Amino acid sequence: MGLLAMAWIVDCFLALWLSFPKLANWRKSLVFRWKQGGYKLTFDLHRSGGVWLWLLLLGVAVSSVSLNLPQVVQSVLGLVSTPSPSPYARALPKRTEGVALSREKALAIAETEAQGRGWSQPPGGIFHFSPTGVYGVGFFAPGQEHGGPGLGNPWIYIDDHDGSLISVTEPGRGNAADIFLQVQFPLHSGRIVGLPGRILVSLLGICVAVVSVTGVLIWARKRRARLTQANGLARQR
């Protein structure tokens, strides 16, 4: 999926270049010939439809790469701004014993930390990531486990042995790379603007199907024309 999304990004720029063969006639690439129907409308749905939706399609493609190949995106981001270290990437401290904290104790520590930070959301989820010795506690209302409008939910990560704070993820906080990464899932799912955004992304999926189908129809028509021309030349010989 990540590789397909990378190809999609390249395709977005190729499509934009092909959509404006002559800059003097740029308006033609934005209109739909609804009344003429047939092939002309099919062509306009493909070309003009893609132009009108270009920014949205590029945003979905970039967020697809971020969600499926985060290591690639983080490497690119590192050229401008270094993302904060992930709690999952830390080395597991050397210990002679296993997990010392129960989930109840970890939750209590995280709640205290959240209250000190002035968070109003209740604890909504907890998990234990044993490879690096981390408890993660998320704060959100029931039904908002994937995040409501905005950049998602805040999370607190603590050591599973001594309860010390490892890191905190708070929407809208951090350096440029952190905020860019926070934006990716809300943007991809449309949740960044709530229900209207989710509806828009759903409709965008239908539009992608329309652009794809019309592209195949245009290709098939041109292929038939080439074959007909080739057969005609063959008969003349």
# chains A, B, ... in the order shown; residues from 1 in each chain; ligands from 1
>>> residues_around(residues="region 176-186 of chain A", least_positions_apart="5", cutoff="6 Å", atoms="only C-alpha atoms", output="ChimeraX atom specification")
/A:63,81,83,151,191-192
>>> select_by_dssp(residues="region 8-232 of chain A", states="helix (DSSP H, G or I)", output="PyMOL selection string")
chain A and resi 8-19+23-30+38-52+54-68+70-77+103-116+130-132+176-189+191-193+195-232
>>> atom_distance(atom1="CA of Asp160 (chain A)", atom2="CA of Gly118 (chain A)")
23.5 Å
>>> closest_residue(among="A:Leu69, A:Leu45, A:Ile109, A:Ala24", to="Val213 (chain A)", atoms="only C-alpha atoms")
A:Leu45
>>> closest_residue(among="A:Gly232, A:Leu165, A:Gly138, A:Ser29", to="Val51 (chain A)", atoms="only C-alpha atoms")
A:Ser29
>>> closest_residue(among="A:Pro21, A:Gly174, A:Gly215, A:Pro154", to="Arg117 (chain A)", atoms="only C-alpha atoms")
A:Pro154
>>> residues_around(residues="region 195-204 of chain A", least_positions_apart="6", cutoff="9 Å", atoms="only C-alpha atoms", output="ChimeraX atom specification")
/A:53,56-57,60,148-149,187-189
